[in-house]
$ cat coords22.csv   # CSV, C-alpha atoms and all ligand atoms
chain,number,residue,atom,x,y,z
A,871,MET,CA,56.3,183.0,118.6
A,872,GLN,CA,54.7,184.8,121.4
A,873,MET,CA,56.1,185.1,124.9
A,874,GLY,CA,54.8,182.4,127.1
A,875,GLN,CA,52.2,181.4,124.6
A,876,PRO,CA,51.9,178.1,122.9
A,877,VAL,CA,52.5,178.2,119.2
A,878,CYS,CA,51.8,175.5,116.7
A,879,ASP,CA,52.0,175.1,113.0
A,880,SER,CA,48.4,174.2,112.1
A,881,ASP,CA,49.5,172.9,108.7
A,882,MET,CA,51.3,170.0,110.2
A,883,GLU,CA,50.4,166.8,108.6
A,884,LEU,CA,48.9,164.1,110.8
A,885,GLU,CA,49.5,160.5,109.9
A,886,GLN,CA,46.3,158.3,109.8
A,887,HIS,CA,48.0,155.1,108.7
A,888,CYS,CA,50.2,152.7,110.6
A,889,ARG,CA,53.8,153.5,110.0
A,890,SER,CA,54.6,149.8,110.4
A,891,CYS,CA,52.1,147.8,108.4
A,892,GLY,CA,50.1,150.5,106.5
A,893,GLY,CA,46.8,149.5,108.2
A,894,SER,CA,44.3,152.0,109.3
A,895,THR,CA,44.4,153.5,112.8
A,896,PHE,CA,41.9,154.9,115.3
A,897,GLU,CA,42.5,157.7,117.8
A,898,LEU,CA,43.1,156.5,121.3
A,899,LEU,CA,43.9,159.8,123.2
A,900,ASN,CA,44.4,163.3,122.0
A,901,LEU,CA,46.3,165.6,124.4
A,902,GLY,CA,46.1,168.6,122.2
A,903,ASP,CA,49.1,170.8,121.4
A,904,GLN,CA,51.9,170.2,123.9
A,905,PRO,CA,55.4,171.4,124.4
A,906,LEU,CA,58.4,169.1,124.1
A,907,ALA,CA,58.5,167.4,127.4
A,908,ASN,CA,62.2,167.5,128.0
A,909,ASN,CA,62.9,171.1,126.8
A,910,LEU,CA,62.7,172.9,130.1
A,911,SER,CA,62.4,176.7,129.7
A,912,LEU,CA,65.2,179.0,130.9
A,913,SER,CA,62.7,181.6,132.1
A,914,PRO,CA,59.0,181.6,132.9
A,915,GLY,CA,58.2,184.0,130.0
A,916,ALA,CA,60.3,182.2,127.4
A,917,PRO,CA,58.5,181.3,124.1
A,918,VAL,CA,57.3,177.7,124.1
A,919,GLU,CA,56.7,175.9,120.9
A,920,THR,CA,54.0,173.2,120.9
A,921,PHE,CA,53.2,170.3,118.6
A,922,PRO,CA,50.2,168.0,118.3
A,923,LEU,CA,50.3,165.1,120.7
A,924,ALA,CA,47.8,162.3,120.0
A,925,VAL,CA,48.1,158.5,120.0
A,926,ARG,CA,46.5,156.3,117.4
A,927,VAL,CA,46.4,152.5,117.4
A,928,CYS,CA,46.6,150.3,114.3
A,929,ASP,CA,43.5,148.1,113.9
A,930,ARG,CA,45.6,145.5,112.2
A,931,CYS,CA,48.9,145.1,114.0
A,932,SER,CA,47.9,147.0,117.2
A,933,LEU,CA,51.0,149.2,117.2
A,934,ALA,CA,50.3,152.5,119.1
A,935,GLN,CA,51.9,155.5,117.6
A,936,LEU,CA,51.8,159.3,117.6
A,937,SER,CA,49.9,160.9,114.8
A,938,TYR,CA,52.6,163.5,114.4
A,939,CYS,CA,56.3,163.0,114.9
A,940,VAL,CA,58.5,166.0,115.7
A,941,ASP,CA,61.7,166.1,113.6
A,942,LYS,CA,64.5,164.4,115.6
A,943,GLU,CA,66.9,167.3,115.0
A,944,VAL,CA,64.3,169.6,116.8
A,945,LEU,CA,63.6,167.0,119.4
A,946,TYR,CA,67.1,166.3,120.5
A,947,SER,CA,68.8,169.6,119.9
A,948,ASP,CA,68.6,170.5,123.6
A,949,TYR,CA,68.5,167.0,125.0
A,950,ASN,CA,69.4,166.9,128.7
A,951,TYR,CA,68.1,163.7,130.0
A,952,VAL,CA,70.8,161.9,132.0
A,953,THR,CA,70.1,158.5,133.4
A,954,PRO,CA,69.9,159.0,137.1
A,955,GLU,CA,72.0,157.2,139.7
A,956,SER,CA,69.3,154.9,141.2
A,957,VAL,CA,69.4,151.8,143.4
A,958,GLU,CA,66.2,150.6,141.7
A,959,LEU,CA,67.7,151.0,138.2
A,960,THR,CA,70.8,149.0,139.2
A,961,ARG,CA,68.6,146.3,140.6
A,962,HIS,CA,66.7,146.3,137.3
A,963,TYR,CA,69.9,145.9,135.3
A,964,GLY,CA,70.7,142.9,137.5
A,965,GLU,CA,67.3,141.4,136.9
A,966,VAL,CA,67.5,141.8,133.1
A,967,TYR,CA,71.1,140.5,133.1
A,968,ASP,CA,70.1,137.4,135.1
A,969,PHE,CA,67.1,136.7,132.8
A,970,LEU,CA,69.4,137.0,129.7
A,971,ARG,CA,72.1,134.8,131.3
A,972,GLU,CA,69.8,132.1,132.6
A,973,ASN,CA,68.2,131.8,129.2
A,974,GLY,CA,71.5,131.6,127.3
A,975,HIS,CA,71.2,135.0,125.7
A,976,ILE,CA,74.4,136.6,127.2
A,977,GLY,CA,77.5,135.4,129.0
A,978,PRO,CA,81.1,136.3,130.0
A,979,GLU,CA,82.3,136.0,126.3
A,980,SER,CA,79.6,138.4,125.0
A,981,MET,CA,80.5,141.6,123.2
A,982,VAL,CA,77.9,144.1,124.0
A,983,LEU,CA,76.7,147.2,122.2
A,984,ASP,CA,74.2,149.7,123.7
A,985,ILE,CA,72.2,151.9,121.4
A,986,GLY,CA,71.2,155.2,123.0
A,987,SER,CA,73.6,154.4,125.8
A,988,ASN,CA,73.3,157.9,127.5
A,989,ILE,CA,76.1,158.3,130.1
A,990,GLY,CA,76.7,154.5,130.1
A,991,ARG,CA,75.1,153.3,133.3
A,992,LEU,CA,74.0,150.0,131.8
A,993,LEU,CA,77.4,149.4,130.2
A,994,GLU,CA,79.1,150.3,133.5
A,995,PHE,CA,77.0,147.5,135.1
A,996,LEU,CA,77.7,145.0,132.4
A,997,LYS,CA,81.4,145.8,132.0
A,998,PRO,CA,82.7,143.3,134.6
A,999,ARG,CA,80.3,140.6,133.5
A,1000,VAL,CA,80.9,140.5,129.7
A,1001,LYS,CA,83.9,140.5,127.3
A,1002,SER,CA,83.5,144.1,126.0
A,1003,VAL,CA,81.1,147.1,126.1
A,1004,LEU,CA,80.5,149.9,123.6
A,1005,GLY,CA,78.0,152.7,123.5
A,1006,ILE,CA,76.4,154.8,120.8
A,1007,ASP,CA,74.4,158.0,121.5
A,1008,PRO,CA,73.4,161.0,119.3
A,1009,ALA,CA,73.9,163.7,122.0
A,1010,GLN,CA,77.4,165.1,122.2
A,1011,ASN,CA,77.0,166.5,125.7
A,1012,ILE,CA,75.8,163.1,127.0
A,1013,VAL,CA,78.6,161.2,125.1
A,1014,ASP,CA,81.2,163.5,126.7
A,1015,LEU,CA,79.9,162.5,130.1
A,1016,ALA,CA,80.0,158.8,129.2
A,1017,ILE,CA,83.6,159.1,128.0
A,1018,ASP,CA,84.6,160.8,131.3
A,1019,ARG,CA,83.1,157.8,133.0
A,1020,HIS,CA,85.4,155.5,130.9
A,1021,ILE,CA,82.6,154.0,128.8
A,1022,PRO,CA,83.7,153.9,125.1
A,1023,THR,CA,81.0,155.7,123.3
A,1024,PHE,CA,80.3,156.9,119.7
A,1025,CYS,CA,78.4,160.1,119.0
A,1026,ARG,CA,76.0,159.1,116.3
A,1027,PHE,CA,72.5,158.0,115.5
A,1028,PHE,CA,72.5,154.2,115.1
A,1029,ASN,CA,71.7,153.2,111.6
A,1030,GLU,CA,73.0,151.1,108.8
A,1031,ALA,CA,76.0,153.4,108.1
A,1032,SER,CA,77.1,153.7,111.8
A,1033,ALA,CA,76.5,150.0,112.3
A,1034,ARG,CA,78.9,149.2,109.5
A,1035,GLU,CA,81.5,151.5,111.0
A,1036,ILE,CA,81.1,149.7,114.4
A,1037,ASP,CA,81.5,146.3,112.6
A,1038,GLU,CA,84.7,147.4,110.9
A,1039,ALA,CA,86.2,148.9,114.0
A,1040,PHE,CA,85.1,146.3,116.6
A,1041,GLY,CA,83.5,143.3,114.9
A,1042,LYS,CA,80.1,141.6,115.3
A,1043,GLN,CA,78.4,142.1,118.6
A,1044,ASP,CA,76.7,139.2,120.6
A,1045,ALA,CA,74.2,141.4,122.4
A,1046,ILE,CA,72.8,144.7,121.2
A,1047,PHE,CA,70.7,146.6,123.6
A,1048,ALA,CA,68.2,149.3,122.8
A,1049,ARG,CA,66.8,150.4,126.1
A,1050,HIS,CA,64.0,153.0,126.0
A,1051,CYS,CA,65.3,154.5,122.7
A,1052,PHE,CA,63.3,152.3,120.4
A,1053,ALA,CA,60.2,154.4,121.0
A,1054,HIS,CA,62.2,157.5,120.3
A,1055,ASN,CA,62.6,157.3,116.6
A,1056,GLU,CA,60.0,158.0,113.9
A,1057,ASP,CA,61.4,155.2,111.8
A,1058,PRO,CA,62.6,152.3,114.1
A,1059,GLY,CA,63.4,150.6,110.8
A,1060,GLN,CA,66.5,152.9,110.6
A,1061,ILE,CA,67.8,151.2,113.8
A,1062,LEU,CA,66.7,147.7,112.6
A,1063,ALA,CA,68.4,148.2,109.2
A,1064,GLY,CA,71.7,148.4,111.1
A,1065,ILE,CA,71.3,145.3,113.2
A,1066,PRO,CA,72.2,142.6,110.6
A,1067,GLN,CA,75.4,144.6,109.8
A,1068,VAL,CA,76.7,144.2,113.3
A,1069,LEU,CA,74.8,141.4,115.1
A,1070,ALA,CA,76.6,138.0,115.3
A,1071,PRO,CA,74.7,135.2,113.6
A,1072,GLU,CA,73.4,133.8,117.0
A,1073,GLY,CA,73.5,137.1,118.7
A,1074,VAL,CA,70.5,138.8,120.4
A,1075,MET,CA,69.0,142.2,120.1
A,1076,VAL,CA,67.5,143.2,123.4
A,1077,ILE,CA,64.9,145.9,123.2
A,1078,GLU,CA,63.5,147.4,126.4
A,1079,ASN,CA,60.5,149.6,126.5
A,1080,ALA,CA,57.5,150.6,128.6
A,1081,TYR,CA,55.0,147.8,128.0
A,1082,PHE,CA,52.0,149.4,126.4
A,1083,ARG,CA,49.6,147.0,128.1
A,1084,ASP,CA,50.8,148.3,131.5
A,1085,THR,CA,50.5,151.9,130.3
A,1086,VAL,CA,46.9,151.2,129.5
A,1087,GLU,CA,46.0,149.0,132.4
A,1088,LYS,CA,47.6,151.3,135.0
A,1089,CYS,CA,46.3,154.4,133.4
A,1090,GLU,CA,49.8,155.9,132.9
A,1091,PHE,CA,48.8,158.4,130.3
A,1092,ASP,CA,51.8,160.6,131.1
A,1093,GLN,CA,54.0,158.0,129.3
A,1094,ILE,CA,52.8,159.9,126.3
A,1095,TYR,CA,55.0,162.7,125.0
A,1096,HIS,CA,56.6,163.6,121.7
A,1097,GLU,CA,59.8,161.5,122.3
A,1098,HIS,CA,57.7,158.4,122.7
A,1099,MET,CA,56.6,158.0,119.1
A,1100,TYR,CA,55.6,154.3,119.5
A,1101,TYR,CA,54.1,152.4,122.4
A,1102,TYR,CA,55.0,148.7,122.1
A,1103,ASN,CA,53.4,145.4,122.8
A,1104,LEU,CA,54.7,142.1,121.5
A,1105,ARG,CA,52.3,142.0,118.5
A,1106,GLY,CA,53.2,145.5,117.3
A,1107,LEU,CA,56.9,145.1,117.7
A,1108,GLY,CA,56.9,141.6,116.3
A,1109,GLY,CA,55.5,143.0,113.0
A,1110,ILE,CA,58.2,145.6,112.8
A,1111,LEU,CA,60.9,143.1,113.5
A,1112,GLN,CA,59.6,140.7,110.9
A,1113,SER,CA,59.7,143.3,108.2
A,1114,HIS,CA,63.4,143.8,109.0
A,1115,GLY,CA,64.6,140.2,108.9
A,1116,LEU,CA,64.4,139.7,112.7
A,1117,LYS,CA,62.1,137.6,114.9
A,1118,LEU,CA,61.0,137.7,118.6
A,1119,VAL,CA,62.4,134.7,120.5
A,1120,ASP,CA,61.9,135.7,124.1
A,1121,ALA,CA,60.4,138.4,126.5
A,1122,HIS,CA,60.7,139.3,130.1
A,1123,HIS,CA,58.4,141.6,132.1
A,1124,SER,CA,59.5,143.8,134.9
A,1125,ASP,CA,57.7,146.3,137.2
A,1126,VAL,CA,60.3,149.0,136.9
A,1127,HIS,CA,59.1,152.4,135.4
A,1128,GLY,CA,55.4,151.3,135.8
A,1129,GLY,CA,55.8,148.2,133.7
A,1130,THR,CA,58.6,147.5,131.3
A,1131,ILE,CA,59.1,144.7,128.9
A,1132,VAL,CA,62.4,143.3,127.5
A,1133,PHE,CA,62.0,141.9,124.0
A,1134,VAL,CA,64.7,139.5,122.8
A,1135,ALA,CA,65.0,139.2,119.0
A,1136,LYS,CA,67.4,137.2,116.7
A,1137,LEU,CA,68.1,137.2,113.0
A,1138,ALA,CA,65.2,135.5,111.1
A,1139,ALA,CA,67.7,132.9,109.9
A,1140,SER,CA,68.5,131.7,113.4
A,1141,PRO,CA,67.1,128.2,114.3
A,1142,THR,CA,65.9,129.4,117.7
A,1143,GLU,CA,62.2,129.1,118.2
A,1144,PRO,CA,60.1,131.6,120.2
A,1145,SER,CA,59.8,130.7,123.9
A,1146,GLY,CA,56.6,129.8,125.7
A,1147,ARG,CA,56.7,133.3,127.3
A,1148,VAL,CA,56.4,134.9,123.9
A,1149,ARG,CA,53.3,132.9,123.1
A,1150,ASP,CA,51.8,133.7,126.5
A,1151,TYR,CA,52.3,137.5,126.1
A,1152,LEU,CA,50.8,137.4,122.6
A,1153,ALA,CA,47.7,135.6,123.9
A,1154,SER,CA,47.4,138.2,126.7
A,1155,GLU,CA,47.4,141.0,124.1
A,1156,ALA,CA,44.2,139.9,122.4
A,1157,GLY,CA,41.9,142.8,121.6
A,1158,MET,CA,44.6,145.5,121.7
A,1159,HIS,CA,43.9,146.3,118.0
A,1160,ARG,CA,40.3,147.3,118.9
A,1161,PRO,CA,38.9,150.6,120.3
A,1162,GLU,CA,36.9,148.8,123.0
A,1163,TYR,CA,40.1,147.7,124.7
A,1164,TYR,CA,40.9,151.3,125.6
A,1165,GLU,CA,37.6,152.6,126.9
A,1166,ARG,CA,38.4,152.2,130.5
A,1167,PHE,CA,41.9,153.8,130.1
A,1168,VAL,CA,40.3,156.9,128.4
A,1169,SER,CA,37.6,157.4,131.0
A,1170,GLN,CA,39.9,156.7,133.9
A,1171,THR,CA,42.4,159.3,132.5
A,1172,TRP,CA,39.5,161.9,132.5
A,1173,ARG,CA,38.4,160.9,136.0
A,1174,ASN,CA,42.0,161.2,137.4
A,1175,ARG,CA,42.4,164.6,135.7
A,1176,ASN,CA,39.3,165.9,137.4
A,1177,ALA,CA,40.1,164.2,140.7
A,1178,LEU,CA,43.7,165.6,140.8
A,1179,ARG,CA,42.6,169.1,139.9
A,1180,HIS,CA,39.9,169.0,142.6
A,1181,LEU,CA,42.4,167.7,145.2
A,1182,VAL,CA,45.0,170.4,144.4
A,1183,ASP,CA,42.4,173.2,144.5
A,1184,GLU,CA,41.0,171.9,147.8
A,1185,LEU,CA,44.4,171.6,149.4
A,1186,HIS,CA,45.3,175.1,148.0
A,1187,ALA,CA,42.1,176.5,149.5
A,1188,GLU,CA,43.1,175.0,152.9
A,1189,GLY,CA,46.3,176.9,152.7
A,1190,LYS,CA,48.4,173.8,152.1
A,1191,THR,CA,51.6,173.9,150.0
A,1192,ILE,CA,52.2,171.5,147.2
A,1193,HIS,CA,55.3,170.9,145.2
A,1194,ALA,CA,55.8,168.4,142.5
A,1195,TYR,CA,58.6,165.8,142.8
A,1196,GLY,CA,60.5,165.0,139.5
A,1197,ALA,CA,60.8,167.4,136.5
A,1198,SER,CA,60.7,164.4,134.2
A,1199,ALA,CA,59.1,164.3,130.7
A,1200,LYS,CA,56.1,162.6,132.4
A,1201,ALA,CA,55.7,165.6,134.6
A,1202,THR,CA,55.5,168.0,131.6
A,1203,THR,CA,52.7,165.9,130.1
A,1204,LEU,CA,50.9,165.4,133.4
A,1205,LEU,CA,51.1,169.1,134.6
A,1206,ASN,CA,50.1,170.5,131.2
A,1207,TYR,CA,47.4,168.1,130.3
A,1208,TYR,CA,45.9,168.4,133.8
A,1209,GLY,CA,46.2,172.2,133.6
A,1210,ILE,CA,48.2,172.5,136.8
A,1211,THR,CA,50.4,175.7,137.0
A,1212,ALA,CA,52.8,177.5,139.3
A,1213,ALA,CA,49.8,179.2,141.0
A,1214,GLN,CA,48.9,175.9,142.6
A,1215,VAL,CA,52.2,174.1,142.5
A,1216,PRO,CA,55.0,176.7,142.6
A,1217,PHE,CA,58.0,174.3,142.5
A,1218,VAL,CA,59.1,170.9,141.2
A,1219,VAL,CA,61.9,169.2,143.0
A,1220,ASP,CA,64.6,167.3,141.0
A,1221,PHE,CA,68.0,165.8,141.5
A,1222,THR,CA,69.5,166.5,138.1
A,1223,PRO,CA,71.8,169.5,138.3
A,1224,GLU,CA,71.2,170.5,134.7
A,1225,LYS,CA,67.5,171.0,135.4
A,1226,ILE,CA,67.7,173.2,138.5
A,1227,GLY,CA,66.6,176.8,138.0
A,1228,LYS,CA,64.8,176.0,134.7
A,1229,TYR,CA,61.0,175.8,134.3
A,1230,VAL,CA,58.6,173.1,133.2
A,1231,PRO,CA,57.5,174.4,129.7
A,1232,LEU,CA,54.0,176.0,129.6
A,1233,ALA,CA,53.1,175.1,133.2
A,1234,ASN,CA,56.0,177.5,134.2
A,1235,ILE,CA,56.8,175.7,137.3
A,1236,GLN,CA,60.4,176.3,138.6
A,1237,VAL,CA,62.7,173.3,139.2
A,1238,ILE,CA,64.5,173.4,142.5
A,1239,SER,CA,67.1,171.1,144.0
A,1240,GLU,CA,66.4,168.6,146.8
A,1241,GLU,CA,68.6,170.6,149.1
A,1242,GLU,CA,66.6,173.8,148.4
A,1243,ALA,CA,63.3,171.9,148.9
A,1244,ALA,CA,64.4,170.5,152.2
A,1245,LYS,CA,64.9,173.9,153.7
A,1246,ASP,CA,61.1,174.6,153.6
A,1247,PRO,CA,59.3,171.3,152.7
A,1248,PRO,CA,55.8,171.6,151.5
A,1249,ASP,CA,52.7,169.9,153.0
A,1250,TYR,CA,52.4,167.6,149.9
A,1251,TYR,CA,54.6,166.3,147.1
A,1252,LEU,CA,52.8,165.4,143.9
A,1253,LEU,CA,54.8,162.4,142.8
A,1254,THR,CA,55.3,163.2,139.1
A,1255,ILE,CA,58.1,160.6,139.1
A,1256,TRP,CA,55.7,158.0,140.4
A,1257,ASN,CA,58.0,155.3,138.9
A,1258,TYR,CA,60.5,156.2,141.6
A,1259,ARG,CA,57.9,156.4,144.3
A,1260,ASP,CA,59.5,154.2,147.0
A,1261,GLU,CA,62.9,155.6,146.4
A,1262,VAL,CA,61.7,159.2,146.6
A,1263,ILE,CA,59.7,158.6,149.8
A,1264,ARG,CA,62.7,156.8,151.4
A,1265,LYS,CA,65.0,159.7,150.4
A,1266,VAL,CA,62.7,162.4,151.8
A,1267,ARG,CA,62.2,160.5,155.1
A,1268,ALA,CA,65.9,159.7,155.4
A,1269,ALA,CA,66.6,163.5,155.2
A,1270,GLY,CA,64.5,163.9,158.3
A,1271,ASN,CA,61.3,165.2,156.7
A,1272,THR,CA,58.5,163.2,158.4
A,1273,ARG,CA,55.8,165.8,157.6
A,1274,THR,CA,55.3,166.0,153.8
A,1275,ARG,CA,52.7,163.6,152.5
A,1276,PHE,CA,52.7,162.2,148.9
A,1277,ILE,CA,50.1,162.4,146.2
A,1278,LEU,CA,50.1,159.6,143.6
A,1279,PRO,CA,48.5,160.7,140.2
A,1280,HIS,CA,47.5,157.1,139.1
A,1281,PRO,CA,46.2,154.5,138.6
A,1282,ASP,CA,43.9,156.3,141.1
A,1283,VAL,CA,44.6,159.7,142.5
A,1284,GLU,CA,45.5,159.1,146.2
A,1285,ILE,CA,47.4,160.4,149.1
A,1286,VAL,CA,50.0,157.9,150.2
A,1287,GLU,CA,50.3,157.5,153.9
A,1288,ALA,CA,54.0,156.9,154.1
B,1301,ZN,ZN,49.9,148.3,111.9

$ encode --input "coords22.csv" --output "structure tokens" --more "lines below"
Ligand SMILES: [Zn+2]
Amino acid sequence: MQMGQPVCDSDMELEQHCRSCGGSTFELLNLGDQPLANNLSLSPGAPVETFPLAVRVCDRCSLAQLSYCVDKEVLYSDYNYVTPESVELTRHYGEVYDFLRENGHIGPESMVLDIGSNIGRLLEFLKPRVKSVLGIDPAQNIVDLAIDRHIPTFCRFFNEASAREIDEAFGKQDAIFARHCFAHNEDPGQILAGIPQVLAPEGVMVIENAYFRDTVEKCEFDQIYHEHMYYYNLRGLGGILQSHGLKLVDAHHSDVHGGTIVFVAKLAASPTEPSGRVRDYLASEAGMHRPEYYERFVSQTWRNRNALRHLVDELHAEGKTIHAYGASAKATTLLNYYGITAAQVPFVVDFTPEKIGKYVPLANIQVISEEEAAKDPPDYYLLTIWNYRDEVIRKVRAAGNTRTRFILPHPDVEIVEA
């Protein structure tokens, strides 16, 4: 590896067939060789390893997937994503819980398991509302934090073997959540193979994910990074569920994170029929298995790339200062694919203590704390965590900064007058 240079094994095998149904796929967007989005560098000159990052779509089941999946041991060896404390996220948990309760999927007697539970924020929310909570997460540093927060959590990947262990120790679970982790596994079948081991006969599996239709329609190309190996709609996920003895029975859409969908599945043997909502979403996904559906998304991504680079250069030439806001995985994709570096955007502000002082890989932009940023606020914040837009603006204004303006990267590049 060279210092500060991208390196990539050119012999890597790229998958051309759908990992779910074996159908043929077409290339939707190719972002070239990119670093692992969550592996922040310790110094600006640190070696950065890159891997191919391209999304292909199945022309049969419409499942969108990366052509190359990084080995999970590599991907998660230095995993430092901690679910942030967020009013909007807590509100979202409430919304999902209400939907599940109102439709009879969860109740006070439910035993709940959360796969990829991180530090246990969802379980903390559910704890007073259900009978029991239990988390499982593969990252030991994250599990330690969960246990400190009094959320019982296993340090394992969820699969058939760990599911059996959970069943033996705690019994069948009435609701199994898999929030934003279902895209993070090359073989979602490994997770699904464990479900029948530990799901109660009339229990529900609740899978939450960015809704791929939103990603496309709102031009959120920065949802694409190596951890997101799959991009789900109902049709694509339904196919995977079916091949693992499960079926979709309900779905709920929410605007959080730029468009999120909650899929509710049951064991195939359950008498529950799919709700009208499932039929409506499936109908709205017509055409997602065809290249034409994505033409606008691809051209808009290019337009936004040019527009944002132009805006940043123009502001820079006027002597304006720009910082990014949010050293998220999305930021790594956006900054690197758009070719924005520390020369134009010297700092990215973040509230996660573990990220402060590190650098966005390749772009080499240093992460600073909100307190540090407040000492000398820039003229503009590029909102790389656009999914927390209102919360960030509120926070910056509440801290007495009335001067900094905000740049939104999509659906259209615009300066927000807030
Ligand atoms: Zn397929």

$ residues_near_ligand --input "coords22.csv" --ligand "ligand ZN 1301 (chain B)" --cutoff "8 Å" --atoms "all atoms listed in the file" --output "list in words"
His887, Cys888, Arg889, Ser890, Cys891, Gly892, Gly893, Ser894, Thr895, Val927, Cys928, Asp929, Arg930, Cys931, Ser932, Leu933, Gly1106 and Gly1109 of chain A

$ atom_distance --input "coords22.csv" --atom1 "CA of Pro1248 (chain A)" --atom2 "CA of Ser911 (chain A)"
23.3 Å

$ residues_around --input "coords22.csv" --residues "Pro1022 (chain A)" --least-positions-apart "4" --cutoff "12 Å" --atoms "only C-alpha atoms" --output "PDB file with C-alpha atoms, in the frame of the given file"
ATOM      1  CA  VAL A 982      77.900 144.100 124.000  1.00  0.00           C
ATOM      2  CA  LEU A 983      76.700 147.200 122.200  1.00  0.00           C
ATOM      3  CA  ASP A 984      74.200 149.700 123.700  1.00  0.00           C
ATOM      4  CA  SER A 987      73.600 154.400 125.800  1.00  0.00           C
ATOM      5  CA  ASN A 988      73.300 157.900 127.500  1.00  0.00           C
ATOM      6  CA  ILE A 989      76.100 158.300 130.100  1.00  0.00           C
ATOM      7  CA  GLY A 990      76.700 154.500 130.100  1.00  0.00           C
ATOM      8  CA  ARG A 991      75.100 153.300 133.300  1.00  0.00           C
ATOM      9  CA  LEU A 993      77.400 149.400 130.200  1.00  0.00           C
ATOM     10  CA  GLU A 994      79.100 150.300 133.500  1.00  0.00           C
ATOM     11  CA  LYS A 997      81.400 145.800 132.000  1.00  0.00           C
ATOM     12  CA  SER A1002      83.500 144.100 126.000  1.00  0.00           C
ATOM     13  CA  VAL A1003      81.100 147.100 126.100  1.00  0.00           C
ATOM     14  CA  LEU A1004      80.500 149.900 123.600  1.00  0.00           C
ATOM     15  CA  GLY A1005      78.000 152.700 123.500  1.00  0.00           C
ATOM     16  CA  ILE A1006      76.400 154.800 120.800  1.00  0.00           C
ATOM     17  CA  ASP A1007      74.400 158.000 121.500  1.00  0.00           C
ATOM     18  CA  VAL A1013      78.600 161.200 125.100  1.00  0.00           C
ATOM     19  CA  ASP A1014      81.200 163.500 126.700  1.00  0.00           C
ATOM     20  CA  LEU A1015      79.900 162.500 130.100  1.00  0.00           C
ATOM     21  CA  ALA A1016      80.000 158.800 129.200  1.00  0.00           C
ATOM     22  CA  ILE A1017      83.600 159.100 128.000  1.00  0.00           C
ATOM     23  CA  ASP A1018      84.600 160.800 131.300  1.00  0.00           C
ATOM     24  CA  ILE A1036      81.100 149.700 114.400  1.00  0.00           C
ATOM     25  CA  PHE A1040      85.100 146.300 116.600  1.00  0.00           C
TER      26      PHE A1040
END

$ closest_residue --input "coords22.csv" --among "A:Leu912, A:Val1126, A:Leu1152, A:Leu884" --to "Ala924 (chain A)" --atoms "all atoms listed in the file"
A:Leu884

$ residues_around --input "coords22.csv" --residues "Ala1213 (chain A)" --least-positions-apart "4" --cutoff "12 Å" --atoms "all atoms listed in the file" --output "ChimeraX atom specification"
/A:1182-1183,1186-1187,1191-1193,1209,1217,1233-1236

$ write_last_selection --input "coords22.csv" --atoms "C-alpha atoms" --output "PDB file, keeping the file's coordinate frame"
ATOM      1  CA  VAL A1182      45.000 170.400 144.400  1.00  0.00           C
ATOM      2  CA  ASP A1183      42.400 173.200 144.500  1.00  0.00           C
ATOM      3  CA  HIS A1186      45.300 175.100 148.000  1.00  0.00           C
ATOM      4  CA  ALA A1187      42.100 176.500 149.500  1.00  0.00           C
ATOM      5  CA  THR A1191      51.600 173.900 150.000  1.00  0.00           C
ATOM      6  CA  ILE A1192      52.200 171.500 147.200  1.00  0.00           C
ATOM      7  CA  HIS A1193      55.300 170.900 145.200  1.00  0.00           C
ATOM      8  CA  GLY A1209      46.200 172.200 133.600  1.00  0.00           C
ATOM      9  CA  PHE A1217      58.000 174.300 142.500  1.00  0.00           C
ATOM     10  CA  ALA A1233      53.100 175.100 133.200  1.00  0.00           C
ATOM     11  CA  ASN A1234      56.000 177.500 134.200  1.00  0.00           C
ATOM     12  CA  ILE A1235      56.800 175.700 137.300  1.00  0.00           C
ATOM     13  CA  GLN A1236      60.400 176.300 138.600  1.00  0.00           C
TER      14      GLN A1236
END

$ closest_residue --input "coords22.csv" --among "A:Ile1110, A:Leu910, A:Leu1104, A:Ile1210" --to "Arg1147 (chain A)" --atoms "only C-alpha atoms"
A:Leu1104

$ closest_residue --input "coords22.csv" --among "A:Thr1254, A:Thr1085, A:Ser1124, A:Asn1174" --to "Tyr1101 (chain A)" --atoms "only C-alpha atoms"
A:Thr1085

$ atom_distance --input "coords22.csv" --atom1 "CA of Val925 (chain A)" --atom2 "CA of Tyr1095 (chain A)"
9.5 Å

$ axis_aligned_box --input "coords22.csv" --around "region 1052-1059 of chain A" --padding-each-side "4 Å" --output "JSON"
{"center_x": 61.7, "center_y": 154.3, "center_z": 115.9, "size_x": 11.4, "size_y": 15.4, "size_z": 18.2}

$ closest_residue --input "coords22.csv" --among "A:Glu885, A:Asp1037, A:Asp1057, A:Glu1078" --to "His1122 (chain A)" --atoms "all atoms listed in the file"
A:Glu1078

$ residues_around --input "coords22.csv" --residues "region 1266-1281 of chain A" --least-positions-apart "2" --cutoff "6 Å" --atoms "all atoms listed in the file" --output "MDAnalysis selection string"
chainID A and resid 1088:1089 1249:1253 1263:1264 1283:1286

$ atom_distance --input "coords22.csv" --atom1 "CA of Glu943 (chain A)" --atom2 "CA of Pro1058 (chain A)"
15.6 Å

$ closest_residue --input "coords22.csv" --among "A:Lys1190, A:Phe995, A:Phe1133, A:Asn1029" --to "Leu959 (chain A)" --atoms "only C-alpha atoms"
A:Phe995

$ closest_residue --input "coords22.csv" --among "A:Ala1194, A:Leu899, A:Val1132, A:Leu936" --to "Pro1247 (chain A)" --atoms "only C-alpha atoms"
A:Ala1194

$ residues_around --input "coords22.csv" --residues "Ala1033 (chain A)" --least-positions-apart "3" --cutoff "10 Å" --atoms "all atoms listed in the file" --output "count of residues only"
19
